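S.K.: Got a file for you: run.txt, compact mmCIF, C-alpha atoms.
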# COMPACT_ATOMS: atom_id res chain seq x y z
CA MET A 1 0.00 0.00 0.00
CA GLY A 2 2.48 2.65 1.14
CA PRO A 3 4.41 4.82 0.53
CA LEU A 4 1.31 6.71 -0.51
CA ILE A 5 2.66 9.17 -3.06
CA PRO A 6 5.07 6.95 -5.07
CA ASN A 7 2.33 4.31 -5.25
CA GLY A 8 -0.12 6.83 -6.68
CA ILE A 9 -2.63 6.61 -3.81
CA LEU A 10 -2.11 10.35 -3.28
CA THR A 11 -1.13 12.66 -6.10
CA ASP A 12 2.17 14.52 -6.16
CA GLU A 13 0.47 17.77 -5.17
CA TRP A 14 -0.12 16.35 -1.70
CA ASN A 15 3.63 16.30 -1.09
CA ILE A 16 3.80 19.99 -0.19
CA ILE A 17 0.53 19.99 1.73
CA ILE A 18 1.59 17.09 3.94
CA ALA A 19 5.03 18.64 4.37
CA VAL A 20 3.51 21.92 5.55
CA LEU A 21 1.15 20.14 7.97
CA ILE A 22 3.95 17.99 9.43
CA GLY A 23 6.18 21.08 9.63
CA LEU A 24 3.53 23.01 11.53
CA ALA A 25 3.01 20.16 13.97
CA PHE A 26 6.75 19.65 14.37
CA GLY A 27 7.41 23.33 15.07
CA PHE A 28 4.51 23.56 17.50
CA ILE A 29 5.57 20.54 19.52
CA LEU A 30 9.21 21.63 19.42
CA GLU A 31 8.26 25.00 20.91
CA ALA A 32 5.75 23.53 23.36
CA SER A 33 8.33 21.13 24.80
CA GLY A 34 10.84 23.92 25.40
CA PHE A 35 13.18 23.22 22.52
CA SER A 36 13.34 26.87 21.59
CA SER A 37 15.41 27.49 24.73
CA SER A 38 19.12 27.40 24.03
CA ARG A 39 19.82 26.57 27.69
CA LYS A 40 17.71 23.42 27.46
CA LEU A 41 19.38 22.41 24.20
CA ALA A 42 22.90 23.03 25.46
CA GLY A 43 22.07 21.08 28.61
CA VAL A 44 22.85 17.85 26.85
CA PHE A 45 26.50 18.94 26.57
CA TYR A 46 26.78 20.13 30.17
CA GLY A 47 24.86 17.21 31.59
CA TYR A 48 21.96 18.91 33.33
CA ASP A 49 19.25 18.23 30.76
CA PHE A 50 19.12 15.30 28.35
CA ALA A 51 15.77 16.07 26.75
CA VAL A 52 17.34 16.51 23.29
CA LEU A 53 19.07 13.17 23.37
CA LYS A 54 15.98 11.41 24.68
CA VAL A 55 13.56 13.02 22.24
CA PHE A 56 15.57 12.46 19.08
CA PHE A 57 16.77 8.98 19.99
CA THR A 58 13.22 7.96 20.94
CA ALA A 59 11.88 9.40 17.68
CA ALA A 60 14.39 7.41 15.65
CA VAL A 61 13.77 4.14 17.50
CA VAL A 62 9.98 4.46 17.52
CA SER A 63 9.83 5.27 13.81
CA VAL A 64 12.17 2.47 12.75
CA ILE A 65 10.29 -0.10 14.85
CA GLY A 66 6.96 1.18 13.57
CA LEU A 67 8.12 1.17 9.96
CA TYR A 68 9.37 -2.41 10.17
CA TYR A 69 6.11 -3.59 11.72
CA MET A 70 4.20 -1.79 8.97
CA ASP A 71 6.51 -3.36 6.40
CA TYR A 72 5.78 -6.77 7.89
CA LEU A 73 2.05 -6.15 7.65
CA GLY A 74 2.44 -5.03 4.06
CA TRP A 75 1.35 -1.45 4.73
CA ILE A 76 4.56 0.06 3.48
CA GLU A 77 7.30 -1.04 1.11
CA MET A 78 10.64 -0.39 2.81
CA GLY A 79 12.52 -0.71 -0.46
CA MET A 80 10.69 2.30 -1.88
CA LEU A 81 11.59 4.65 0.96
CA TYR A 82 14.16 7.36 0.42
CA VAL A 83 17.56 6.61 1.92
CA HIS A 84 19.82 9.59 2.27
CA PRO A 85 23.13 9.12 0.40
CA THR A 86 26.28 8.75 2.47
CA TYR A 87 29.37 10.90 1.88
CA VAL A 88 31.60 9.72 4.72
CA TRP A 89 34.06 12.58 5.18
CA ALA A 90 31.55 15.28 4.38
CA ALA A 91 29.26 13.79 7.03
CA ILE A 92 32.03 13.55 9.65
CA ILE A 93 33.35 17.07 9.11
CA GLY A 94 29.90 18.60 8.68
CA GLY A 95 28.73 16.81 11.81
CA ALA A 96 31.68 18.15 13.81
CA ILE A 97 31.05 21.71 12.59
CA MET A 98 27.38 21.39 13.46
CA GLY A 99 28.23 20.03 16.89
CA VAL A 100 30.52 22.96 17.63
CA GLY A 101 27.85 25.36 16.42
CA PHE A 102 25.29 23.55 18.54
CA VAL A 103 27.22 23.83 21.79
CA ALA A 104 28.45 27.37 21.07
CA GLY A 105 25.17 28.83 19.88
CA GLY A 106 22.76 26.69 21.81
CA PHE A 107 20.58 25.80 18.85
CA CYS A 108 20.44 23.29 16.08
CA PRO A 109 19.23 24.64 12.72
CA GLY A 110 15.63 23.51 13.21
CA THR A 111 15.21 24.75 16.76
CA SER A 112 16.89 28.07 15.88
CA LEU A 113 14.07 28.79 13.41
CA CYS A 114 11.61 27.77 16.11
CA ALA A 115 13.22 30.31 18.46
CA VAL A 116 13.20 32.95 15.72
CA ALA A 117 9.47 32.44 15.49
CA ILE A 118 9.01 33.35 19.17
CA GLY A 119 11.33 36.34 18.78
CA LYS A 120 14.53 35.36 20.55
CA LEU A 121 17.33 37.73 19.61
CA ASP A 122 20.14 35.18 19.99
CA ALA A 123 18.26 32.94 17.55
CA TRP A 124 18.14 35.81 15.02
CA ILE A 125 21.91 36.11 15.31
CA TYR A 126 22.26 32.34 15.01
CA VAL A 127 20.19 32.21 11.82
CA PHE A 128 22.15 35.15 10.45
CA GLY A 129 25.29 33.11 11.10
CA ILE A 130 23.77 30.17 9.21
CA MET A 131 23.15 32.47 6.26
CA ILE A 132 26.77 33.66 6.35
CA GLY A 133 27.91 30.04 6.43
CA VAL A 134 25.69 29.18 3.47
CA PHE A 135 27.06 32.20 1.59
CA VAL A 136 30.69 31.32 2.29
CA PHE A 137 30.12 27.71 1.29
CA SER A 138 28.42 28.68 -1.97
CA GLU A 139 31.08 31.23 -2.89
CA ALA A 140 33.94 28.87 -2.08
CA TYR A 141 32.21 25.82 -3.52
CA ASN A 142 35.20 25.00 -5.75
CA VAL A 143 37.36 24.59 -2.66
CA PHE A 144 34.87 22.30 -0.93
CA GLU A 145 33.74 20.38 -4.00
CA GLY A 146 36.13 17.45 -3.47
CA LEU A 147 34.94 17.01 0.10
CA TYR A 148 31.30 17.62 -0.80
CA ASN A 149 31.15 14.94 -3.50
CA GLY A 150 33.97 12.67 -2.30
CA SER A 151 33.95 9.33 -0.46
CA PHE A 152 30.46 8.57 -1.75
CA LEU A 153 29.07 5.26 -0.53
CA GLY A 154 25.63 5.39 -2.11
CA ASN A 155 22.25 5.19 -0.44
CA ILE A 156 23.34 2.72 2.20
CA THR A 157 21.97 1.83 5.60
CA LEU A 158 23.47 -0.06 8.52
CA VAL A 159 21.87 -3.21 7.13
CA ASP A 160 23.93 -2.84 3.93
CA SER A 161 27.23 -2.01 5.61
CA PHE A 162 27.18 -4.64 8.34
CA ASP A 163 25.25 -7.35 6.51
CA ILE A 164 23.29 -8.19 9.67
CA PRO A 165 19.49 -8.67 9.52
CA ALA A 166 17.60 -5.43 10.06
CA SER A 167 15.76 -6.76 13.11
CA TRP A 168 19.04 -7.36 14.98
CA ILE A 169 20.28 -3.87 14.16
CA ILE A 170 17.00 -2.37 15.36
CA PHE A 171 17.19 -4.41 18.54
CA GLY A 172 20.78 -3.31 19.09
CA VAL A 173 19.97 0.35 18.51
CA THR A 174 17.00 0.11 20.87
CA VAL A 175 19.19 -1.38 23.60
CA ILE A 176 21.80 1.34 23.03
CA ALA A 177 19.07 3.98 23.23
CA LEU A 178 17.64 2.60 26.47
CA ALA A 179 21.13 2.33 27.96
CA ALA A 180 21.83 5.92 26.93
CA PHE A 181 18.60 7.07 28.60
CA PHE A 182 19.48 5.17 31.76
CA VAL A 183 23.05 6.51 31.94
CA SER A 184 21.98 10.06 31.08
CA ASP A 185 19.47 9.95 33.93
CA ILE A 186 22.18 8.95 36.39
CA VAL A 187 24.45 11.74 35.08
CA ARG A 188 21.65 14.28 35.33
CA LYS A 189 21.03 13.38 38.98
CA ARG A 190 24.73 13.82 39.87
CA ILE A 191 25.16 17.19 38.12
CA LYS A 192 24.26 20.38 39.94
CA LYS A 193 20.81 21.50 38.90
CA VAL A 194 20.58 24.49 36.64
CA PHE A 195 17.42 26.57 36.67
CA TYR A 196 16.47 28.26 33.44
CA MET B 1 -7.68 5.41 46.20
CA ILE B 2 -7.75 5.43 42.45
CA ASN B 3 -5.55 8.49 42.26
CA ARG B 4 -2.93 6.91 44.47
CA LYS B 5 -2.83 3.79 42.33
CA LEU B 6 -2.57 5.91 39.23
CA ALA B 7 0.19 7.95 40.79
CA LYS B 8 2.11 4.77 41.56
CA ILE B 9 1.89 3.67 37.97
CA LEU B 10 2.75 7.11 36.65
CA ALA B 11 5.83 7.26 38.85
CA ASN B 12 7.18 4.39 36.82
CA ARG B 13 6.02 5.74 33.46
CA TYR B 14 9.50 5.96 31.94
CA VAL B 15 10.30 2.40 32.91
CA ILE B 16 7.01 1.26 31.42
CA LEU B 17 7.56 3.15 28.18
CA ALA B 18 11.15 1.92 27.93
CA SER B 19 10.09 -1.69 28.41
CA LEU B 20 7.37 -1.20 25.78
CA LEU B 21 10.04 -0.11 23.29
CA PHE B 22 12.21 -3.05 24.28
CA ILE B 23 9.36 -5.52 23.82
CA ALA B 24 8.47 -4.02 20.44
CA ALA B 25 12.09 -4.33 19.25
CA LEU B 26 12.23 -7.88 20.59
CA GLY B 27 9.01 -8.62 18.72
CA LEU B 28 10.69 -7.74 15.42
CA LEU B 29 13.37 -10.32 16.19
CA VAL B 30 10.95 -13.16 16.84
CA LEU B 31 8.64 -12.40 13.91
CA PRO B 32 8.82 -15.34 11.53
CA GLY B 33 10.71 -14.54 8.36
CA TYR B 34 8.93 -14.42 5.06
CA LYS B 35 9.91 -13.98 1.46
CA LYS B 36 9.08 -10.61 0.05
CA ASN B 37 8.30 -9.91 -3.57
CA GLU B 38 11.05 -7.49 -4.19
CA ARG B 39 11.28 -5.03 -7.05
CA VAL B 40 7.94 -5.85 -8.69
CA THR B 41 4.63 -5.66 -6.85
CA ALA B 42 1.70 -7.86 -7.77
CA GLU B 43 -0.27 -4.90 -9.16
CA ASP B 44 2.62 -3.81 -11.34
CA LEU B 45 3.16 -7.31 -12.66
CA LEU B 46 -0.52 -7.72 -13.48
CA ALA B 47 -0.57 -4.38 -15.27
CA GLN B 48 2.42 -5.44 -17.35
CA VAL B 49 0.99 -8.87 -18.11
CA VAL B 50 -2.24 -7.47 -19.52
CA ASN B 51 -0.46 -4.74 -21.44
CA PRO B 52 -0.63 -5.71 -25.12
CA GLU B 53 2.68 -3.93 -25.75
CA ARG B 54 4.55 -6.88 -24.37
CA TYR B 55 3.80 -8.78 -27.57
CA MET B 56 5.50 -7.94 -30.80
CA THR B 57 3.79 -9.26 -33.92
CA SER B 58 5.87 -10.94 -36.58
CA ASP B 59 4.98 -8.16 -39.03
CA GLU B 60 6.37 -5.51 -36.67
CA LEU B 61 9.49 -7.55 -36.13
CA ALA B 62 9.98 -8.14 -39.87
CA GLU B 63 9.64 -4.42 -40.50
CA LYS B 64 12.26 -3.68 -37.84
CA ILE B 65 14.67 -6.27 -39.16
CA ILE B 66 14.27 -5.05 -42.74
CA ALA B 67 14.73 -1.46 -41.64
CA LYS B 68 17.92 -2.62 -39.88
CA ASP B 69 16.64 -1.18 -36.62
CA PRO B 70 19.67 -1.30 -34.30
CA SER B 71 17.59 -1.16 -31.12
CA ILE B 72 16.23 -4.71 -31.17
CA LEU B 73 17.91 -7.67 -29.56
CA LEU B 74 16.54 -11.08 -30.50
CA ILE B 75 16.86 -13.83 -27.89
CA ASP B 76 16.24 -17.41 -28.98
CA LEU B 77 15.06 -19.40 -25.95
CA ARG B 78 15.14 -22.81 -27.60
CA SER B 79 17.86 -25.42 -27.15
CA GLU B 80 21.22 -25.03 -28.84
CA ASN B 81 20.47 -27.75 -31.42
CA GLU B 82 17.29 -26.05 -32.52
CA TYR B 83 19.12 -22.75 -32.60
CA ASN B 84 21.80 -24.17 -34.86
CA GLU B 85 19.19 -25.68 -37.15
CA TYR B 86 17.26 -22.49 -37.78
CA THR B 87 16.87 -19.18 -36.08
CA MET B 88 15.98 -15.59 -36.77
CA PRO B 89 18.58 -13.40 -38.38
CA GLY B 90 20.89 -11.93 -35.74
CA ALA B 91 19.40 -13.79 -32.77
CA PHE B 92 21.34 -14.79 -29.65
CA ASN B 93 20.75 -18.17 -28.10
CA ILE B 94 19.94 -18.26 -24.37
CA PRO B 95 17.99 -21.47 -23.57
CA LEU B 96 15.22 -21.03 -21.01
CA ASP B 97 17.08 -22.94 -18.29
CA GLN B 98 20.05 -20.57 -18.57
CA ILE B 99 17.99 -17.39 -18.55
CA LEU B 100 18.77 -16.64 -14.88
CA ASP B 101 22.50 -17.42 -15.16
CA PRO B 102 24.82 -14.55 -14.31
CA GLU B 103 26.35 -14.73 -17.82
CA SER B 104 22.98 -13.98 -19.39
CA GLU B 105 22.38 -10.94 -17.26
CA GLY B 106 24.58 -8.70 -19.37
CA TYR B 107 22.34 -9.28 -22.37
CA LEU B 108 19.01 -9.14 -20.61
CA ASN B 109 19.37 -6.51 -17.89
CA GLN B 110 19.90 -3.31 -19.81
CA ASP B 111 18.17 -0.16 -20.95
CA GLN B 112 19.43 0.22 -24.50
CA TYR B 113 17.69 -2.45 -26.54
CA ASP B 114 14.17 -3.69 -27.07
CA ILE B 115 14.56 -7.35 -26.24
CA VAL B 116 12.40 -9.73 -28.25
CA LEU B 117 12.10 -13.17 -26.68
CA PHE B 118 10.99 -16.04 -28.85
CA SER B 119 10.78 -19.81 -28.90
CA ASN B 120 8.79 -22.24 -31.01
CA GLN B 121 5.53 -20.88 -29.68
CA ASN B 122 4.44 -18.37 -27.06
CA LEU B 123 4.63 -20.54 -23.95
CA THR B 124 8.38 -20.69 -23.29
CA ALA B 125 8.84 -17.06 -24.23
CA ASP B 126 6.03 -16.06 -21.89
CA GLN B 127 7.65 -18.01 -19.06
CA ALA B 128 10.95 -16.27 -19.67
CA TRP B 129 9.16 -12.94 -19.90
CA ILE B 130 7.54 -13.44 -16.49
CA LEU B 131 10.82 -14.53 -14.88
CA LEU B 132 12.73 -11.56 -16.25
CA THR B 133 9.98 -9.07 -15.48
CA ARG B 134 9.93 -10.29 -11.90
CA LYS B 135 13.63 -9.53 -11.79
CA GLY B 136 12.78 -5.98 -12.81
CA TYR B 137 14.35 -6.04 -16.28
CA LYS B 138 13.06 -3.56 -18.82
CA ASN B 139 12.04 -3.41 -22.47
CA LEU B 140 11.05 -7.05 -22.74
CA HIS B 141 8.82 -8.27 -25.56
CA VAL B 142 7.54 -11.63 -26.71
CA LEU B 143 7.39 -12.50 -30.38
CA ASP B 144 3.72 -13.37 -30.81
CA GLY B 145 3.46 -16.88 -32.16
CA GLY B 146 7.16 -17.61 -31.92
CA ILE B 147 9.12 -19.22 -34.73
CA ASN B 148 6.05 -21.11 -35.92
CA GLY B 149 4.10 -17.90 -36.14
CA TRP B 150 6.98 -16.32 -37.99
CA TYR B 151 6.97 -19.17 -40.48
CA ASN B 152 3.20 -19.07 -40.96
CA THR B 153 2.93 -15.31 -41.41
CA ILE B 154 6.16 -14.05 -42.92
CA LEU B 155 7.87 -16.92 -44.66
CA ASN B 156 4.78 -18.74 -45.87
CA PRO B 157 1.91 -16.28 -45.77
CA LEU B 158 -1.64 -17.31 -46.49
CA LYS B 159 -3.06 -15.76 -49.59
CA PRO B 160 -6.05 -13.58 -48.68
CA THR B 161 -9.34 -14.50 -50.24
CA GLU B 162 -11.40 -12.22 -52.43
CA ASN B 163 -13.74 -11.03 -49.68
CA MET B 164 -10.96 -9.75 -47.42
CA PRO B 165 -10.29 -6.01 -46.94
CA LYS B 166 -7.59 -4.18 -48.81
CA GLU B 167 -5.33 -4.15 -45.74
CA ALA B 168 -5.14 -7.93 -45.85
CA PHE B 169 -3.84 -7.73 -49.41
CA ASP B 170 -1.37 -5.00 -48.46
CA ARG B 171 -0.16 -7.13 -45.58
CA TYR B 172 0.12 -10.11 -47.89
CA ASP B 173 2.23 -8.07 -50.31
CA PHE B 174 4.46 -6.91 -47.48
CA ARG B 175 4.87 -10.45 -46.24
CA LEU B 176 5.75 -11.72 -49.68
CA ALA B 177 8.35 -8.99 -49.99
CA ALA B 178 9.64 -9.70 -46.49
CA ALA B 179 9.92 -13.41 -47.28
CA MET B 180 11.94 -12.48 -50.33
CA TYR B 181 14.15 -10.32 -48.12
CA PHE B 182 14.74 -13.25 -45.81
CA GLY B 183 15.60 -15.38 -48.79
CA VAL B 184 12.59 -17.66 -48.81
CA GLY B 185 9.35 -17.92 -50.65
CA GLY B 186 10.24 -15.51 -53.40
CA GLU B 187 11.25 -18.33 -55.69
CA THR B 188 7.94 -18.33 -57.47
CA LEU B 189 8.29 -14.75 -58.54
CA GLN B 190 11.95 -15.06 -59.34
CA ASP B 191 11.42 -18.27 -61.24
CA LYS B 192 8.71 -16.70 -63.29
CA ASP B 193 11.06 -13.92 -64.24
CA ALA B 194 13.77 -16.39 -65.07
CA GLU B 195 11.42 -18.44 -67.16
CA GLU B 196 10.24 -15.41 -68.99
CA GLU B 197 13.78 -14.44 -69.71
CA GLY B 198 14.57 -17.96 -70.78
CA SER B 199 11.52 -18.26 -72.98
CA ARG B 200 12.11 -14.95 -74.60
CA LYS B 201 14.44 -16.25 -77.27
CA LEU B 202 16.48 -13.85 -79.10
CA VAL B 203 15.07 -13.56 -82.49
CA VAL B 204 17.72 -12.57 -84.86
CA PRO B 205 16.12 -11.55 -87.99
CA VAL B 206 17.85 -13.32 -90.77
CA MET B 207 17.46 -11.57 -93.95
CA LYS B 208 16.83 -14.11 -96.55
CA LYS B 209 18.29 -13.40 -99.79
CA LYS B 210 15.61 -12.67 -102.19
CA LYS B 211 15.39 -15.14 -104.86
CA ARG B 212 16.28 -13.43 -107.90
CA LYS B 213 13.85 -13.75 -110.51
CA PRO B 214 15.36 -15.36 -113.47
CA GLU B 215 16.43 -12.69 -115.65
CA GLY B 216 16.31 -13.15 -119.21
CA GLY B 217 17.88 -16.20 -120.69
CA CYS B 218 20.20 -16.77 -123.20
Turn the structure described in the file into structure tokens.

M.R.:
Amino acid sequence: MGPLIPNGILTDEWNIIIAVLIGLAFGFILEASGFSSSRKLAGVFYGYDFAVLKVFFTAAVVSVIGLYYMDYLGWIEMGMLYVHPTYVWAAIIGGAIMGVGFVAGGFCPGTSLCAVAIGKLDAWIYVFGIMIGVFVFSEAYNVFEGLYNGSFLGNITLVDSFDIPASWIIFGVTVIALAAFFVSDIVRKRIKKVFY
Amino acid sequence: MINRKLAKILANRYVILASLLFIAALGLLVLPGYKKNERVTAEDLLAQVVNPERYMTSDELAEKIIAKDPSILLIDLRSENEYNEYTMPGAFNIPLDQILDPESEGYLNQDQYDIVLFSNQNLTADQAWILLTRKGYKNLHVLDGGINGWYNTILNPLKPTENMPKEAFDRYDFRLAAAMYFGVGGETLQDKDAEEEGSRKLVVPVMKKKKRKPEGGC
């Protein structure tokens, strides 16, 4: 049956409508759960608040488990889903830059826009910085091109690279996630509380 | 009372939710395995099976061969002996039982050519067509009627009767010409020409000397 749009159950025009609806819901819940506060977001690096880790890890685990159950029931065709292509070094370096920006600025790109929406000045500066980064990257594209397009591995997943059945990988990731939640809770209790 | 019970449960809500996740992940592990129809879904396959485009008539094929169309690739699915005995011009031989061999994949799994599968009749070619379509290969066709159909329509066409439409006669003419192109069947026409040439004897007019009338006498 699914995915709905590639299988022609919904027409292509629904793409943008569904994207806008999901985006609205995502932004609303992000704001409502306090993710527009840079102190809460940075807490994961200082050890007093692990909401970011818990939310995003839970989202990943819940969706992958749900998708595989739906695949088993024939509601969705896993092979037709989009898999983001892997450029190893670009991902490592880009991830490191984003991590530094995250801890320094207190936002990730999505939550910074969320904070812009509620009028936080530091978020405005942050987004302005993103724009400068985009501009520098575009202007100096020739310098970065080798990194940007290099070490391409294709649209691979953990299942392809480790050659282990998907269910074992999902189980492993779930156990890692639960262990991370458990450990992060212990850490949070030991660290001095920060009120924000 | 109720509130206190509820509070007790809610105090452990993270443990409960975490164990739910764990059980769900464990459930994926113990689900019995099953074979999935990869690449081609049942609906797609059905749509392709009923699509008349998967057949190529012998007339269409003859036209393409005569026009030296470079985009067709003929695959003979019969055994090697039959292939050696007679086959279509320019056909490759891949017997049905070797159709899924890795060596055959280079010919069959590509985007460039229109592949025309044929055997003696439709059945074997249809089987091969289904197998290859399930593998997700593209541009596959079946020669309608196979080699026998080819023989009955192109090489040895049936003469249309008087009450048939003009198209039937046109088709008949095309088939006769095609048969001639493939080096068969045209003998009758050629022979007739040859006979005519043979029968048309050169007549060299021989001027007979006129008998002179006796002139005078001594």

S.K.: Can you tell me, as a list in words, what residues are no more than 8 Å from B:Thr87 when counting all atoms listed in the file, ignoring any on the same chain fewer than 3 positions away?

M.R.: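 Skipping anything fewer than 3 positions along the chain leaves Asp76, Glu82, Tyr83, Asn84, Ala91 and Ile147 of chain B.
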
S.K.: So that I can check the surroundings of stretch 122-125 of chain B, please list as a PyMOL selection string every protein, DNA and RNA residue that reaches within 12 Å of it, counting all atoms listed in the file and ignoring chain neighbours fewer than 3 positions away.

M.R.: chain B and resi 54-57+74-79+94-97+99+115-119+128-133+140-150

S.K.: Rounded to one decimal in Å, what is the spacing between atom CA of B:Arg13 and atom CA of A:Ala25?

M.R.: 24.4 Å

S.K.: Could I get the residues of chain A with an atom no further than 7 Å from an atom of chain B, each paired with its nearest atom pair and that distance in Å to one decimal, using all atoms listed in the file, sorted by chain and residue number, as a Markdown table?

M.R.:
| residue | atom | partner | partner_atom | distance |
| --- | --- | --- | --- | --- |
| A:Ile65 | CA | B:Ala25 | CA | 6.4 |
| A:Ser167 | CA | B:Leu29 | CA | 5.3 |
| A:Trp168 | CA | B:Leu29 | CA | 6.5 |
| A:Ile170 | CA | B:Ala25 | CA | 6.6 |
| A:Phe171 | CA | B:Ala25 | CA | 5.1 |
| A:Thr174 | CA | B:Phe22 | CA | 6.7 |
| A:Leu178 | CA | B:Ala18 | CA | 6.7 |

S.K.: What gap, in Å, lies between atom CA of A:Ile191 and atom CA of A:Gly47?

M.R.: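 A separation of 6.5 Å between them.
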
S.K.: Identify, on the basis of all atoms listed in the file, every residue whose closest approach to stretch 149-163 of chain A does not exceed 10 Å; exclude the query and any residue fewer than 5 positions from it along the same chain; express the result as a list in words.

M.R.: Tyr82, Val83, His84, Pro85, Thr86, Tyr87, Val88, Trp89, Ala90, Ala91, Phe144, Trp168, Ile169 and Ile170 of chain A

S.K.: Once you have the residues from the selection above, write them out as a PDB file, in the frame of the given file, restricted to C-alpha atoms.

M.R.:
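File selection-v2.pdb, as written:
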ATOM      1  CA  TYR A  82      14.160   7.360   0.420  1.00  0.00           C
ATOM      2  CA  VAL A  83      17.560   6.610   1.920  1.00  0.00           C
ATOM      3  CA  HIS A  84      19.820   9.590   2.270  1.00  0.00           C
ATOM      4  CA  PRO A  85      23.130   9.120   0.400  1.00  0.00           C
ATOM      5  CA  THR A  86      26.280   8.750   2.470  1.00  0.00           C
ATOM      6  CA  TYR A  87      29.370  10.900   1.880  1.00  0.00           C
ATOM      7  CA  VAL A  88      31.600   9.720   4.720  1.00  0.00           C
ATOM      8  CA  TRP A  89      34.060  12.580   5.180  1.00  0.00           C
ATOM      9  CA  ALA A  90      31.550  15.280   4.380  1.00  0.00           C
ATOM     10  CA  ALA A  91      29.260  13.790   7.030  1.00  0.00           C
ATOM     11  CA  PHE A 144      34.870  22.300  -0.930  1.00  0.00           C
ATOM     12  CA  TRP A 168      19.040  -7.360  14.980  1.00  0.00           C
ATOM     13  CA  ILE A 169      20.280  -3.870  14.160  1.00  0.00           C
ATOM     14  CA  ILE A 170      17.000  -2.370  15.360  1.00  0.00           C
TER      15      ILE A 170
END

S.K.: Please indicate the distance in Å from atom CA of A:Asp71 to atom CA of A:Ile9, rounded to one decimal place.

M.R.: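 Between atom CA of A:Asp71 and atom CA of A:Ile9 the gap is 16.9 Å.
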
S.K.: Write out as a list in words which residues come within 9 Å of stretch 124-126 of chain A when counting only C-alpha atoms, dropping same-chain ones fewer than 3 positions away.

M.R.: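 Close residues of stretch 124-126 of chain A: Gly105, Gly106, Phe107, Pro109, Ser112, Leu113, Ala115, Val116, Gly119, Lys120, Leu121, Gly129, Ile130 and Met131 of chain A.
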
S.K.: Tell me, as a ChimeraX atom specification, which residues lie within 10 Å of A:Ile76, counting only C-alpha atoms; anything in the same chain fewer than 2 positions away does not count.

M.R.: /A:1-4,7,67-74,78-81

S.K.: Let me make sure I understand: among A:Ala51, A:Cys114, A:Ile92, A:Val64, which one has the smallest atom-to-atom distance to A:Ala166 if we use all atoms listed in the file?

M.R.: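 Of A:Ala51, A:Cys114, A:Ile92, A:Val64, the one nearest A:Ala166, counting all atoms listed in the file, is A:Val64.
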